[in-house]
$ cat start-v6.pdb   # PDB, C-alpha atoms
ATOM      1  CA  MET A   7       6.716 -72.919 -56.251
ATOM      2  CA  ASN A   8       6.485 -76.069 -54.203
ATOM      3  CA  LYS A   9       8.022 -79.200 -55.630
ATOM      4  CA  LYS A  10       5.593 -82.099 -55.801
ATOM      5  CA  GLU A  11       6.745 -85.681 -55.472
ATOM      6  CA  LYS A  12       4.320 -86.715 -58.192
ATOM      7  CA  THR A  13       4.149 -85.160 -61.658
ATOM      8  CA  PRO A  14       0.755 -83.451 -61.946
ATOM      9  CA  LEU A  15      -1.661 -85.020 -64.381
ATOM     10  CA  VAL A  16      -2.954 -81.609 -65.508
ATOM     11  CA  THR A  17      -1.572 -78.091 -65.330
ATOM     12  CA  PHE A  18      -4.312 -75.477 -65.570
ATOM     13  CA  ILE A  19      -2.983 -72.201 -66.990
ATOM     14  CA  ILE A  20      -5.288 -69.308 -66.068
ATOM     15  CA  THR A  21      -4.560 -66.030 -67.841
ATOM     16  CA  TYR A  22      -5.720 -62.922 -65.988
ATOM     17  CA  TYR A  23      -5.895 -59.264 -66.978
ATOM     18  CA  ASN A  24      -8.106 -56.704 -65.202
ATOM     19  CA  GLN A  25     -11.057 -59.048 -64.713
ATOM     20  CA  PRO A  26     -13.116 -59.019 -61.493
ATOM     21  CA  VAL A  27     -11.219 -60.954 -58.822
ATOM     22  CA  GLN A  28     -14.429 -62.759 -57.890
ATOM     23  CA  MET A  29     -14.558 -64.291 -61.373
ATOM     24  CA  LEU A  30     -10.950 -65.452 -61.070
ATOM     25  CA  CYS A  31     -11.757 -67.077 -57.725
ATOM     26  CA  GLU A  32     -14.806 -68.813 -59.222
ATOM     27  CA  CYS A  33     -12.590 -70.072 -62.039
ATOM     28  CA  ILE A  34     -10.108 -71.534 -59.539
ATOM     29  CA  ASP A  35     -12.937 -73.023 -57.459
ATOM     30  CA  SER A  36     -14.232 -74.845 -60.552
ATOM     31  CA  ILE A  37     -10.830 -76.518 -60.922
ATOM     32  CA  LEU A  38     -10.537 -77.387 -57.243
ATOM     33  CA  ALA A  39     -13.995 -79.016 -57.434
ATOM     34  CA  LEU A  40     -12.707 -81.641 -59.887
ATOM     35  CA  SER A  41     -11.826 -85.155 -58.732
ATOM     36  CA  LEU A  42      -8.088 -84.524 -59.109
ATOM     37  CA  GLU A  43      -6.003 -85.003 -55.982
ATOM     38  CA  PRO A  44      -3.777 -82.048 -54.989
ATOM     39  CA  ALA A  45      -0.722 -83.855 -56.375
ATOM     40  CA  GLU A  46      -2.522 -84.498 -59.664
ATOM     41  CA  ARG A  47      -3.202 -80.850 -60.434
ATOM     42  CA  GLU A  48      -1.185 -77.693 -60.858
ATOM     43  CA  ILE A  49      -2.884 -74.301 -61.131
ATOM     44  CA  ILE A  50      -0.835 -71.437 -62.540
ATOM     45  CA  VAL A  51      -2.344 -67.951 -62.596
ATOM     46  CA  VAL A  52      -0.496 -65.658 -64.996
ATOM     47  CA  ASP A  53      -1.323 -62.000 -64.294
ATOM     48  CA  ASP A  54      -0.528 -60.069 -67.454
ATOM     49  CA  GLY A  55       0.266 -56.794 -65.697
ATOM     50  CA  SER A  56      -3.203 -55.931 -64.396
ATOM     51  CA  LYS A  57      -3.668 -52.425 -63.013
ATOM     52  CA  VAL A  58      -4.383 -53.941 -59.592
ATOM     53  CA  SER A  59      -2.909 -57.291 -58.556
ATOM     54  CA  PRO A  60      -5.534 -59.892 -57.530
ATOM     55  CA  MET A  61      -3.124 -61.300 -54.946
ATOM     56  CA  ASN A  62      -5.181 -60.284 -51.903
ATOM     57  CA  GLY A  63      -8.173 -62.183 -53.230
ATOM     58  CA  LEU A  64      -6.021 -65.239 -53.930
ATOM     59  CA  MET A  65      -4.608 -65.606 -50.418
ATOM     60  CA  GLN A  66      -7.478 -67.955 -49.520
ATOM     61  CA  PHE A  67      -6.088 -70.584 -51.912
ATOM     62  CA  GLY A  68      -2.692 -70.788 -50.209
ATOM     63  CA  GLU A  69      -0.408 -73.335 -51.847
ATOM     64  CA  GLU A  70      -3.162 -74.644 -54.127
ATOM     65  CA  ILE A  71      -2.075 -72.166 -56.799
ATOM     66  CA  VAL A  72       1.066 -70.635 -58.278
ATOM     67  CA  TYR A  73       0.735 -66.916 -59.010
ATOM     68  CA  VAL A  74       3.081 -65.076 -61.348
ATOM     69  CA  ARG A  75       2.844 -61.470 -62.473
ATOM     70  CA  GLN A  76       4.478 -60.168 -65.641
ATOM     71  CA  LYS A  77       4.662 -56.847 -67.436
ATOM     72  CA  ASN A  78       1.652 -56.416 -69.708
ATOM     73  CA  SER A  79       2.642 -58.317 -72.865
ATOM     74  CA  GLY A  80      -0.631 -59.717 -74.199
ATOM     75  CA  LEU A  81      -2.458 -63.043 -74.053
ATOM     76  CA  SER A  82       0.079 -64.929 -76.184
ATOM     77  CA  MET A  83       2.987 -64.112 -73.888
ATOM     78  CA  ALA A  84       0.911 -64.868 -70.782
ATOM     79  CA  ARG A  85       0.082 -68.327 -72.122
ATOM     80  CA  ASN A  86       3.686 -68.888 -73.204
ATOM     81  CA  LYS A  87       4.779 -68.024 -69.656
ATOM     82  CA  GLY A  88       2.369 -70.618 -68.297
ATOM     83  CA  ILE A  89       3.706 -73.229 -70.728
ATOM     84  CA  GLU A  90       7.262 -72.436 -69.620
ATOM     85  CA  MET A  91       6.354 -72.975 -65.954
ATOM     86  CA  ALA A  92       4.050 -75.995 -66.362
ATOM     87  CA  GLN A  93       5.016 -79.381 -64.952
ATOM     88  CA  GLY A  94       1.855 -81.332 -65.793
ATOM     89  CA  ILE A  95       1.547 -84.161 -68.302
ATOM     90  CA  TYR A  96      -1.455 -82.373 -69.800
ATOM     91  CA  LEU A  97      -2.204 -78.658 -70.175
ATOM     92  CA  GLN A  98      -5.517 -76.820 -70.023
ATOM     93  CA  PHE A  99      -5.893 -73.117 -70.773
ATOM     94  CA  VAL A 100      -8.647 -71.238 -68.959
ATOM     95  CA  ASP A 101      -9.529 -67.562 -69.205
ATOM     96  CA  ALA A 102      -9.959 -65.975 -65.781
ATOM     97  CA  ASP A 103     -13.546 -64.879 -66.410
ATOM     98  CA  ASP A 104     -14.655 -68.362 -67.505
ATOM     99  CA  HIS A 105     -14.778 -71.657 -65.625
ATOM    100  CA  LEU A 106     -14.915 -75.415 -66.088
ATOM    101  CA  LEU A 107     -18.152 -77.369 -65.700
ATOM    102  CA  GLN A 108     -17.571 -80.254 -63.349
ATOM    103  CA  GLN A 109     -19.482 -83.223 -64.770
ATOM    104  CA  PRO A 110     -18.618 -82.667 -68.449
ATOM    105  CA  TYR A 111     -14.979 -81.920 -67.638
ATOM    106  CA  GLU A 112     -14.771 -85.076 -65.499
ATOM    107  CA  HIS A 113     -15.709 -86.939 -68.664
ATOM    108  CA  CYS A 114     -12.694 -85.405 -70.432
ATOM    109  CA  LEU A 115     -10.470 -86.432 -67.520
ATOM    110  CA  ASP A 116     -11.856 -89.975 -67.719
ATOM    111  CA  ILE A 117     -10.820 -90.140 -71.381
ATOM    112  CA  ILE A 118      -7.152 -89.392 -70.603
ATOM    113  CA  ARG A 119      -7.194 -91.612 -67.504
ATOM    114  CA  GLN A 120      -8.410 -94.549 -69.551
ATOM    115  CA  ASN A 121      -5.977 -94.004 -72.423
ATOM    116  CA  GLY A 122      -2.522 -92.773 -71.481
ATOM    117  CA  SER A 123      -1.541 -92.352 -75.129
ATOM    118  CA  MET A 124      -4.312 -89.798 -75.709
ATOM    119  CA  GLU A 125      -2.721 -86.509 -76.777
ATOM    120  CA  MET A 126      -5.758 -84.270 -77.217
ATOM    121  CA  VAL A 127      -9.343 -84.228 -76.018
ATOM    122  CA  LEU A 128     -11.510 -81.722 -77.870
ATOM    123  CA  PHE A 129     -14.660 -80.656 -76.040
ATOM    124  CA  ASP A 130     -17.488 -78.180 -76.467
ATOM    125  CA  PHE A 131     -18.244 -74.960 -74.625
ATOM    126  CA  THR A 132     -21.421 -73.196 -73.550
ATOM    127  CA  SER A 133     -22.793 -69.994 -72.091
ATOM    128  CA  SER A 134     -25.873 -71.779 -70.778
ATOM    129  CA  SER A 135     -26.490 -73.240 -67.323
ATOM    130  CA  THR A 136     -28.386 -76.211 -68.767
ATOM    131  CA  LYS A 137     -26.947 -79.480 -67.463
ATOM    132  CA  GLN A 138     -25.834 -82.187 -69.879
ATOM    133  CA  LYS A 139     -26.587 -85.815 -69.080
ATOM    134  CA  ASP A 140     -25.015 -87.910 -71.836
ATOM    135  CA  PHE A 141     -21.775 -87.578 -73.781
ATOM    136  CA  ASN A 142     -20.826 -88.854 -77.225
ATOM    137  CA  ASP A 143     -17.195 -89.355 -78.243
ATOM    138  CA  THR A 144     -15.513 -89.953 -81.574
ATOM    139  CA  ALA A 145     -13.185 -92.840 -82.262
ATOM    140  CA  VAL A 146      -9.500 -92.125 -81.663
ATOM    141  CA  MET A 147      -7.857 -90.544 -84.710
ATOM    142  CA  THR A 148      -5.025 -88.200 -85.617
ATOM    143  CA  GLY A 149      -5.500 -84.457 -85.470
ATOM    144  CA  SER A 150      -5.101 -84.199 -89.232
ATOM    145  CA  GLN A 151      -7.789 -86.826 -89.801
ATOM    146  CA  TYR A 152     -10.129 -84.829 -87.587
ATOM    147  CA  MET A 153      -9.389 -81.556 -89.411
ATOM    148  CA  LEU A 154     -10.029 -83.188 -92.778
ATOM    149  CA  LYS A 155     -13.649 -83.890 -91.825
ATOM    150  CA  ASN A 156     -14.566 -81.180 -89.330
ATOM    151  CA  ASN A 157     -14.714 -77.437 -88.908
ATOM    152  CA  ILE A 158     -12.690 -76.885 -85.756
ATOM    153  CA  HIS A 159     -13.175 -74.567 -82.795
ATOM    154  CA  ALA A 160      -9.917 -72.642 -82.725
ATOM    155  CA  SER A 161     -10.178 -71.523 -79.087
ATOM    156  CA  ALA A 162      -7.173 -72.819 -77.140
ATOM    157  CA  CYS A 163      -9.466 -73.231 -74.121
ATOM    158  CA  SER A 164     -11.591 -75.866 -75.859
ATOM    159  CA  TYR A 165      -9.223 -78.795 -75.524
ATOM    160  CA  LEU A 166      -7.018 -80.678 -73.083
ATOM    161  CA  PHE A 167      -3.669 -81.702 -74.527
ATOM    162  CA  LYS A 168      -0.344 -83.334 -73.708
ATOM    163  CA  ARG A 169       2.466 -80.918 -72.998
ATOM    164  CA  SER A 170       4.901 -83.142 -74.917
ATOM    165  CA  THR A 171       2.793 -82.728 -78.083
ATOM    166  CA  LEU A 172       3.666 -79.025 -78.165
ATOM    167  CA  SER A 173       7.345 -79.550 -78.880
ATOM    168  CA  GLU A 174       8.615 -76.044 -79.789
ATOM    169  CA  LEU A 175       5.153 -74.647 -80.669
ATOM    170  CA  ARG A 176       4.205 -71.417 -78.888
ATOM    171  CA  PHE A 177       1.705 -68.583 -79.370
ATOM    172  CA  THR A 178       2.775 -65.767 -81.684
ATOM    173  CA  PRO A 179       3.183 -62.586 -79.602
ATOM    174  CA  ASP A 180       1.426 -59.274 -80.178
ATOM    175  CA  ILE A 181      -1.369 -60.515 -82.434
ATOM    176  CA  TRP A 182      -5.124 -60.947 -82.139
ATOM    177  CA  HIS A 183      -6.671 -64.270 -83.175
ATOM    178  CA  GLU A 184      -3.559 -66.107 -81.968
ATOM    179  CA  ASP A 185      -5.624 -69.280 -81.442
ATOM    180  CA  GLU A 186      -6.374 -69.460 -85.172
ATOM    181  CA  GLU A 187      -2.672 -69.995 -85.808
ATOM    182  CA  PHE A 188      -1.835 -72.106 -82.761
ATOM    183  CA  THR A 189      -4.646 -74.678 -82.786
ATOM    184  CA  PRO A 190      -4.213 -76.101 -86.337
ATOM    185  CA  GLN A 191      -0.480 -76.500 -85.740
ATOM    186  CA  LEU A 192      -1.132 -78.349 -82.485
ATOM    187  CA  LEU A 193      -3.699 -80.589 -84.148
ATOM    188  CA  ILE A 194      -1.349 -81.795 -86.884
ATOM    189  CA  ARG A 195       1.109 -82.818 -84.143
ATOM    190  CA  ALA A 196      -1.448 -85.053 -82.390
ATOM    191  CA  GLU A 197      -1.377 -88.751 -83.283
ATOM    192  CA  HIS A 198      -4.125 -89.747 -80.808
ATOM    193  CA  LEU A 199      -7.128 -87.457 -80.519
ATOM    194  CA  CYS A 200     -10.672 -87.855 -79.272
ATOM    195  CA  ALA A 201     -13.476 -85.318 -79.688
ATOM    196  CA  THR A 202     -16.454 -85.293 -77.336
ATOM    197  CA  ASP A 203     -19.667 -83.282 -77.334
ATOM    198  CA  ALA A 204     -19.281 -82.688 -73.597
ATOM    199  CA  LYS A 205     -19.922 -78.996 -72.904
ATOM    200  CA  ALA A 206     -17.102 -78.765 -70.393
ATOM    201  CA  TYR A 207     -16.187 -75.072 -70.592
ATOM    202  CA  PHE A 208     -18.423 -72.186 -69.516
ATOM    203  CA  TYR A 209     -17.713 -69.139 -71.637
ATOM    204  CA  TYR A 210     -18.743 -65.788 -70.211
ATOM    205  CA  LYS A 211     -20.104 -63.497 -72.923
ATOM    206  CA  HIS A 212     -19.098 -59.876 -72.468
ATOM    207  CA  GLY A 213     -18.594 -56.726 -74.487
ATOM    208  CA  GLY A 214     -14.852 -56.482 -73.996
ATOM    209  CA  SER A 215     -13.943 -58.999 -76.677
ATOM    210  CA  ILE A 216     -11.604 -57.805 -79.408
ATOM    211  CA  THR A 217     -14.289 -58.734 -81.947
ATOM    212  CA  THR A 218     -16.492 -55.984 -80.485
ATOM    213  CA  HIS A 219     -13.879 -53.252 -81.006
ATOM    214  CA  ASP A 220     -15.174 -51.375 -84.028
ATOM    215  CA  ASP A 221     -12.871 -48.362 -84.263
ATOM    216  CA  ASP A 222     -10.704 -47.983 -87.369
ATOM    217  CA  ALA A 223      -7.430 -48.869 -85.628
ATOM    218  CA  SER A 224      -8.916 -52.082 -84.179
ATOM    219  CA  LYS A 225     -10.371 -53.075 -87.534
ATOM    220  CA  GLU A 226      -7.031 -52.549 -89.240
ATOM    221  CA  LYS A 227      -5.150 -54.591 -86.635
ATOM    222  CA  ARG A 228      -7.730 -57.376 -86.747
ATOM    223  CA  PHE A 229      -7.495 -57.710 -90.526
ATOM    224  CA  ASN A 230      -3.696 -57.384 -90.597
ATOM    225  CA  ASP A 231      -3.269 -60.032 -87.916
ATOM    226  CA  ILE A 232      -5.594 -62.495 -89.623
ATOM    227  CA  MET A 233      -3.785 -61.941 -92.925
ATOM    228  CA  GLY A 234      -0.518 -62.712 -91.150
ATOM    229  CA  VAL A 235      -2.001 -65.923 -89.737
ATOM    230  CA  LEU A 236      -3.184 -66.947 -93.210
ATOM    231  CA  GLU A 237       0.239 -66.341 -94.718
ATOM    232  CA  ARG A 238       2.100 -68.281 -92.009
ATOM    233  CA  LEU A 239      -0.278 -71.248 -92.176
ATOM    234  CA  GLN A 240      -0.087 -71.271 -95.974
ATOM    235  CA  TYR A 241       3.723 -71.218 -95.749
ATOM    236  CA  LEU A 242       3.564 -74.193 -93.392
ATOM    237  CA  CYS A 243       1.353 -76.149 -95.823
ATOM    238  CA  ASP A 244       4.290 -76.686 -98.180
ATOM    239  CA  ARG A 245       6.543 -77.969 -95.413
ATOM    240  CA  VAL A 246       4.526 -80.759 -93.797
ATOM    241  CA  PRO A 247       3.604 -84.315 -94.886
ATOM    242  CA  GLN A 248       0.765 -84.702 -97.402
ATOM    243  CA  ILE A 249      -2.093 -85.580 -95.014
ATOM    244  CA  ASP A 250      -1.148 -82.668 -92.757
ATOM    245  CA  ARG A 251      -0.899 -80.389 -95.782
ATOM    246  CA  ILE A 252      -4.386 -81.316 -97.006
ATOM    247  CA  ALA A 253      -5.820 -80.759 -93.517
ATOM    248  CA  LEU A 254      -4.097 -77.382 -93.177
ATOM    249  CA  GLN A 255      -5.206 -76.326 -96.656
ATOM    250  CA  ARG A 256      -8.813 -76.912 -95.625
ATOM    251  CA  ARG A 257      -8.319 -74.722 -92.556
ATOM    252  CA  VAL A 258      -6.617 -71.987 -94.575
ATOM    253  CA  ALA A 259      -9.513 -71.999 -97.048
ATOM    254  CA  GLN A 260     -12.041 -71.716 -94.221
ATOM    255  CA  LEU A 261     -10.139 -68.850 -92.611
ATOM    256  CA  THR A 262      -9.844 -67.095 -95.966
ATOM    257  CA  MET A 263     -13.590 -67.429 -96.463
ATOM    258  CA  ASP A 264     -14.179 -65.958 -93.010
ATOM    259  CA  TYR A 265     -11.727 -63.141 -93.756
ATOM    260  CA  ILE A 266     -13.693 -62.147 -96.866
ATOM    261  CA  TYR A 267     -16.934 -62.384 -94.887
ATOM    262  CA  GLN A 268     -15.566 -60.069 -92.180
ATOM    263  CA  VAL A 269     -14.456 -57.525 -94.792
ATOM    264  CA  ILE A 270     -17.996 -57.513 -96.198
ATOM    265  CA  MET A 271     -19.614 -57.177 -92.775
ATOM    266  CA  HIS A 272     -17.275 -54.566 -91.299
ATOM    267  CA  GLN A 273     -16.204 -52.518 -94.333
ATOM    268  CA  ARG A 274     -19.411 -52.732 -96.392
ATOM    269  CA  SER A 275     -17.583 -51.264 -99.342
ATOM    270  CA  GLN A 276     -17.086 -52.606-102.854
ATOM    271  CA  LYS A 277     -13.731 -50.824-103.002
ATOM    272  CA  ALA A 278     -12.582 -52.509 -99.770
ATOM    273  CA  LEU A 279     -13.810 -55.919-100.972
ATOM    274  CA  ASN A 280     -12.045 -55.523-104.339
ATOM    275  CA  ALA A 281      -8.827 -54.566-102.532
ATOM    276  CA  CYS A 282      -9.233 -57.616-100.262
ATOM    277  CA  ILE A 283      -9.705 -59.968-103.232
ATOM    278  CA  GLU A 284      -6.708 -58.445-105.010
ATOM    279  CA  GLU A 285      -4.469 -58.854-101.944
ATOM    280  CA  LEU A 286      -5.584 -62.450-101.368
ATOM    281  CA  SER A 287      -5.015 -63.246-105.055
ATOM    282  CA  GLY A 288      -1.492 -61.836-104.893
ATOM    283  CA  LYS A 289      -0.710 -64.130-101.973
ATOM    284  CA  GLY A 290      -2.147 -67.222-103.663
ATOM    285  CA  LEU A 291      -5.123 -67.382-101.283
ATOM    286  CA  PHE A 292      -7.823 -66.587-103.851
ATOM    287  CA  PRO A 293      -9.850 -67.898-105.586
ATOM    288  CA  LEU A 294     -10.958 -70.289-102.870
ATOM    289  CA  PRO A 295     -10.076 -73.888-103.788
ATOM    290  CA  ASP A 296     -12.811 -75.994-105.386
ATOM    291  CA  ARG A 297     -13.407 -78.421-102.527
ATOM    292  CA  ASP A 298     -16.484 -80.065-101.024
ATOM    293  CA  TYR A 299     -15.829 -78.806 -97.484
ATOM    294  CA  SER A 300     -19.408 -77.795 -96.645
ATOM    295  CA  GLN A 301     -22.527 -76.438 -98.330
ATOM    296  CA  LYS A 302     -21.827 -72.985 -96.908
ATOM    297  CA  TYR A 303     -18.274 -73.086 -98.251
ATOM    298  CA  LYS A 304     -19.341 -74.206-101.730
ATOM    299  CA  TRP A 305     -22.004 -71.509-101.897
ATOM    300  CA  PHE A 306     -19.667 -68.779-100.670
ATOM    301  CA  ARG A 307     -16.899 -69.847-103.074
ATOM    302  CA  LYS A 308     -19.278 -69.718-106.025
ATOM    303  CA  MET A 309     -20.547 -66.253-105.067
ATOM    304  CA  THR A 310     -17.102 -64.730-104.524
ATOM    305  CA  ASN A 311     -15.795 -66.038-107.844
ATOM    306  CA  THR A 312     -17.765 -63.480-109.863
ATOM    307  CA  ARG A 313     -18.104 -59.714-109.703
ATOM    308  CA  MET A 314     -21.906 -59.916-109.614
ATOM    309  CA  GLY A 315     -21.773 -62.523-106.871
ATOM    310  CA  ARG A 316     -19.580 -60.282-104.726
ATOM    311  CA  ILE A 317     -21.908 -57.326-105.250
ATOM    312  CA  LEU A 318     -24.848 -59.506-104.210
ATOM    313  CA  LEU A 319     -23.010 -60.588-101.029
ATOM    314  CA  LEU A 320     -22.254 -56.944-100.194
ATOM    315  CA  ASN A 321     -25.905 -56.016-100.535
ATOM    316  CA  THR A 322     -27.444 -59.001 -98.729
ATOM    317  CA  LEU A 323     -25.156 -60.321 -95.962
ATOM    318  CA  PRO A 324     -25.313 -57.207 -93.727
ATOM    319  CA  LEU A 325     -29.102 -57.114 -94.105
ATOM    320  CA  LEU A 326     -29.453 -60.803 -93.236
ATOM    321  CA  LYS A 327     -27.488 -60.295 -90.013
ATOM    322  CA  LYS A 328     -29.538 -57.200 -89.146
ATOM    323  CA  GLU A 329     -32.800 -59.149 -89.549
ATOM    324  CA  ARG A 330     -31.575 -61.853 -87.177
TER     325      ARG A 330
END

$ encode --input "start-v6.pdb" --output "structure tokens"
Amino acid sequence: MNKKEKTPLVTFIITYYNQPVQMLCECIDSILALSLEPAEREIIVVDDGSKVSPMNGLMQFGEEIVYVRQKNSGLSMARNKGIEMAQGIYLQFVDADDHLLQQPYEHCLDIIRQNGSMEMVLFDFTSSSTKQKDFNDTAVMTGSQYMLKNNIHASACSYLFKRSTLSELRFTPDIWHEDEEFTPQLLIRAEHLCATDAKAYFYYKHGGSITTHDDDASKEKRFNDIMGVLERLQYLCDRVPQIDRIALQRRVAQLTMDYIYQVIMHQRSQKALNACIEELSGKGLFPLPDRDYSQKYKWFRKMTNTRMGRILLLNTLPLLKKER
């Protein structure tokens, strides 16, 4: 790794595992197309033990990138490796089969260039090629203030953030849905945050997502991992200042609601739903708190609070999705 005289403004951490090398190259090209000077950017490609190294396809980039290969350890450990190596003031995670959209992402860069105290810039993502002309930004606020009023996108690729804001925070290894645990904890650490509607991240839709794995073992892991995330975030709620606690409690309630929804959609069994409710109750996660978070939340809370409501959800939600 070459030492740069100037600390990079942004380190881009690209995690790679068995994707087409062409997609990885397009991802890197999207970063190189930005207005950052070579000394202002650092691009780290973390290969999480792919069957075939992409190194031959990366030779064209020369010293523009840093490539590191590790034993297959999962997305969390790949990102943690990138964090460990990063030298930039800000960090940006990018999945190797996605890429950044130049004009909207330039807007995000302008936000941090104009305000050096900015710790996080939250942006939108898209799978469409439609170009965006105008961007709307929120006022600067803390991460907790933002979480109190908004349903967040948990994806760690949907924001640019200061490396110093992380402190000791890292991704939990060996779990799915690691972003659901990481992102709320990062947000409550941010004292200066701006959210923009700039669609700066192009997300490639494909069938290999963990949410498309429908075998019994995958279902069990998915539900166990989310339950673990809920428990750890709930534990944290009692150990942070009041405004952070209230913000985290909202997120825990939303994730609990989604957990129940996923049980209904994937298990489609009254026995499984009753077991879910019983487990959540035993952990202090149910009933859902009586809060005015959103109309959807209030409706779902009311329905899940009664046996008849839960039966109605079991019989209607899968049909509603099928009709769509």

$ atom_distance --input "start-v6.pdb" --atom1 "atom CA of Leu166 of chain A" --atom2 "atom CA of Arg257 of chain A"
20.4 Å

$ residues_around --input "start-v6.pdb" --residues "segment 183-188 of chain A" --least-positions-apart "6" --cutoff "10 Å" --atoms "all atoms listed in the file" --output "VMD selection string"
chain A and resid 81 to 82 158 to 163 172 175 to 177 216 to 217 228 to 229 231 to 232 234 to 236 238 to 239 257 to 258 261

$ residues_near_point --input "start-v6.pdb" --point "(-14.1, -86.3, -59.2)" --cutoff "9 Å" --atoms "all atoms listed in the file" --output "PyMOL selection string"
chain A and resi 39-43+108-109+112

$ resolve_selection --input "start-v6.pdb" --expression "the PyMOL selection byres ((chain A and resi 310) around 12)" --output "VMD selection string"
chain A and resid 262 to 264 266 to 267 270 279 to 280 282 to 283 292 to 295 303 to 309 311 to 320

$ write_last_selection --input "start-v6.pdb" --atoms "C-alpha atoms" --output "PDB file, in the frame of the given file"
ATOM      1  CA  THR A 262      -9.844 -67.095 -95.966  1.00  0.00           C
ATOM      2  CA  MET A 263     -13.590 -67.429 -96.463  1.00  0.00           C
ATOM      3  CA  ASP A 264     -14.179 -65.958 -93.010  1.00  0.00           C
ATOM      4  CA  ILE A 266     -13.693 -62.147 -96.866  1.00  0.00           C
ATOM      5  CA  TYR A 267     -16.934 -62.384 -94.887  1.00  0.00           C
ATOM      6  CA  ILE A 270     -17.996 -57.513 -96.198  1.00  0.00           C
ATOM      7  CA  LEU A 279     -13.810 -55.919-100.972  1.00  0.00           C
ATOM      8  CA  ASN A 280     -12.045 -55.523-104.339  1.00  0.00           C
ATOM      9  CA  CYS A 282      -9.233 -57.616-100.262  1.00  0.00           C
ATOM     10  CA  ILE A 283      -9.705 -59.968-103.232  1.00  0.00           C
ATOM     11  CA  PHE A 292      -7.823 -66.587-103.851  1.00  0.00           C
ATOM     12  CA  PRO A 293      -9.850 -67.898-105.586  1.00  0.00           C
ATOM     13  CA  LEU A 294     -10.958 -70.289-102.870  1.00  0.00           C
ATOM     14  CA  PRO A 295     -10.076 -73.888-103.788  1.00  0.00           C
ATOM     15  CA  TYR A 303     -18.274 -73.086 -98.251  1.00  0.00           C
ATOM     16  CA  LYS A 304     -19.341 -74.206-101.730  1.00  0.00           C
ATOM     17  CA  TRP A 305     -22.004 -71.509-101.897  1.00  0.00           C
ATOM     18  CA  PHE A 306     -19.667 -68.779-100.670  1.00  0.00           C
ATOM     19  CA  ARG A 307     -16.899 -69.847-103.074  1.00  0.00           C
ATOM     20  CA  LYS A 308     -19.278 -69.718-106.025  1.00  0.00           C
ATOM     21  CA  MET A 309     -20.547 -66.253-105.067  1.00  0.00           C
ATOM     22  CA  ASN A 311     -15.795 -66.038-107.844  1.00  0.00           C
ATOM     23  CA  THR A 312     -17.765 -63.480-109.863  1.00  0.00           C
ATOM     24  CA  ARG A 313     -18.104 -59.714-109.703  1.00  0.00           C
ATOM     25  CA  MET A 314     -21.906 -59.916-109.614  1.00  0.00           C
ATOM     26  CA  GLY A 315     -21.773 -62.523-106.871  1.00  0.00           C
ATOM     27  CA  ARG A 316     -19.580 -60.282-104.726  1.00  0.00           C
ATOM     28  CA  ILE A 317     -21.908 -57.326-105.250  1.00  0.00           C
ATOM     29  CA  LEU A 318     -24.848 -59.506-104.210  1.00  0.00           C
ATOM     30  CA  LEU A 319     -23.010 -60.588-101.029  1.00  0.00           C
ATOM     31  CA  LEU A 320     -22.254 -56.944-100.194  1.00  0.00           C
TER      32      LEU A 320
END

$ atom_distance --input "start-v6.pdb" --atom1 "atom CA of Gly80 of chain A" --atom2 "atom CA of Asp180 of chain A"
6.3 Å

$ residues_around --input "start-v6.pdb" --residues "segment 16-19 of chain A" --least-positions-apart "2" --cutoff "6 Å" --atoms "all atoms listed in the file" --output "list in words"
Pro14, Arg47, Glu48, Ile49, Ile50, Gly88, Gly94, Ile95, Tyr96, Leu97, Gln98 and Phe99 of chain A

$ write_last_selection --input "start-v6.pdb" --atoms "C-alpha atoms" --output "tab-separated table (two decimals), in the frame of the given file"
chain	number	residue	atom	x	y	z
A	14	PRO	CA	0.76	-83.45	-61.95
A	47	ARG	CA	-3.20	-80.85	-60.43
A	48	GLU	CA	-1.18	-77.69	-60.86
A	49	ILE	CA	-2.88	-74.30	-61.13
A	50	ILE	CA	-0.84	-71.44	-62.54
A	88	GLY	CA	2.37	-70.62	-68.30
A	94	GLY	CA	1.86	-81.33	-65.79
A	95	ILE	CA	1.55	-84.16	-68.30
A	96	TYR	CA	-1.46	-82.37	-69.80
A	97	LEU	CA	-2.20	-78.66	-70.18
A	98	GLN	CA	-5.52	-76.82	-70.02
A	99	PHE	CA	-5.89	-73.12	-70.77

$ resolve_selection --input "start-v6.pdb" --expression "the PyMOL selection byres ((chain A and resi 30) around 10)" --output "MDAnalysis selection string"
chainID A and resid 20:23 25:29 31:36 51 60 63:64 101:105

$ resolve_selection --input "start-v6.pdb" --expression "the PyMOL selection byres ((chain A and resi 153) around 9)" --output "PyMOL selection string"
chain A and resi 148-152+154-158+190+193-194+250+253-254+256-257

$ atom_distance --input "start-v6.pdb" --atom1 "atom CA of Val52 of chain A" --atom2 "atom CA of Tyr207 of chain A"
19.1 Å

$ residues_around --input "start-v6.pdb" --residues "Lys87 of chain A" --least-positions-apart "3" --cutoff "9 Å" --atoms "all atoms listed in the file" --output "JSON, numbers by chain"
{"A": [52, 74, 76, 82, 83, 84, 90, 91, 92]}

$ write_last_selection --input "start-v6.pdb" --atoms "C-alpha atoms" --output "mmCIF file, in the coordinates of the input"
data_model
loop_
_atom_site.group_PDB
_atom_site.id
_atom_site.type_symbol
_atom_site.label_atom_id
_atom_site.label_comp_id
_atom_site.auth_asym_id
_atom_site.auth_seq_id
_atom_site.Cartn_x
_atom_site.Cartn_y
_atom_site.Cartn_z
ATOM 1 C CA VAL A 52 -0.496 -65.658 -64.996
ATOM 2 C CA VAL A 74 3.081 -65.076 -61.348
ATOM 3 C CA GLN A 76 4.478 -60.168 -65.641
ATOM 4 C CA SER A 82 0.079 -64.929 -76.184
ATOM 5 C CA MET A 83 2.987 -64.112 -73.888
ATOM 6 C CA ALA A 84 0.911 -64.868 -70.782
ATOM 7 C CA GLU A 90 7.262 -72.436 -69.620
ATOM 8 C CA MET A 91 6.354 -72.975 -65.954
ATOM 9 C CA ALA A 92 4.050 -75.995 -66.362
#
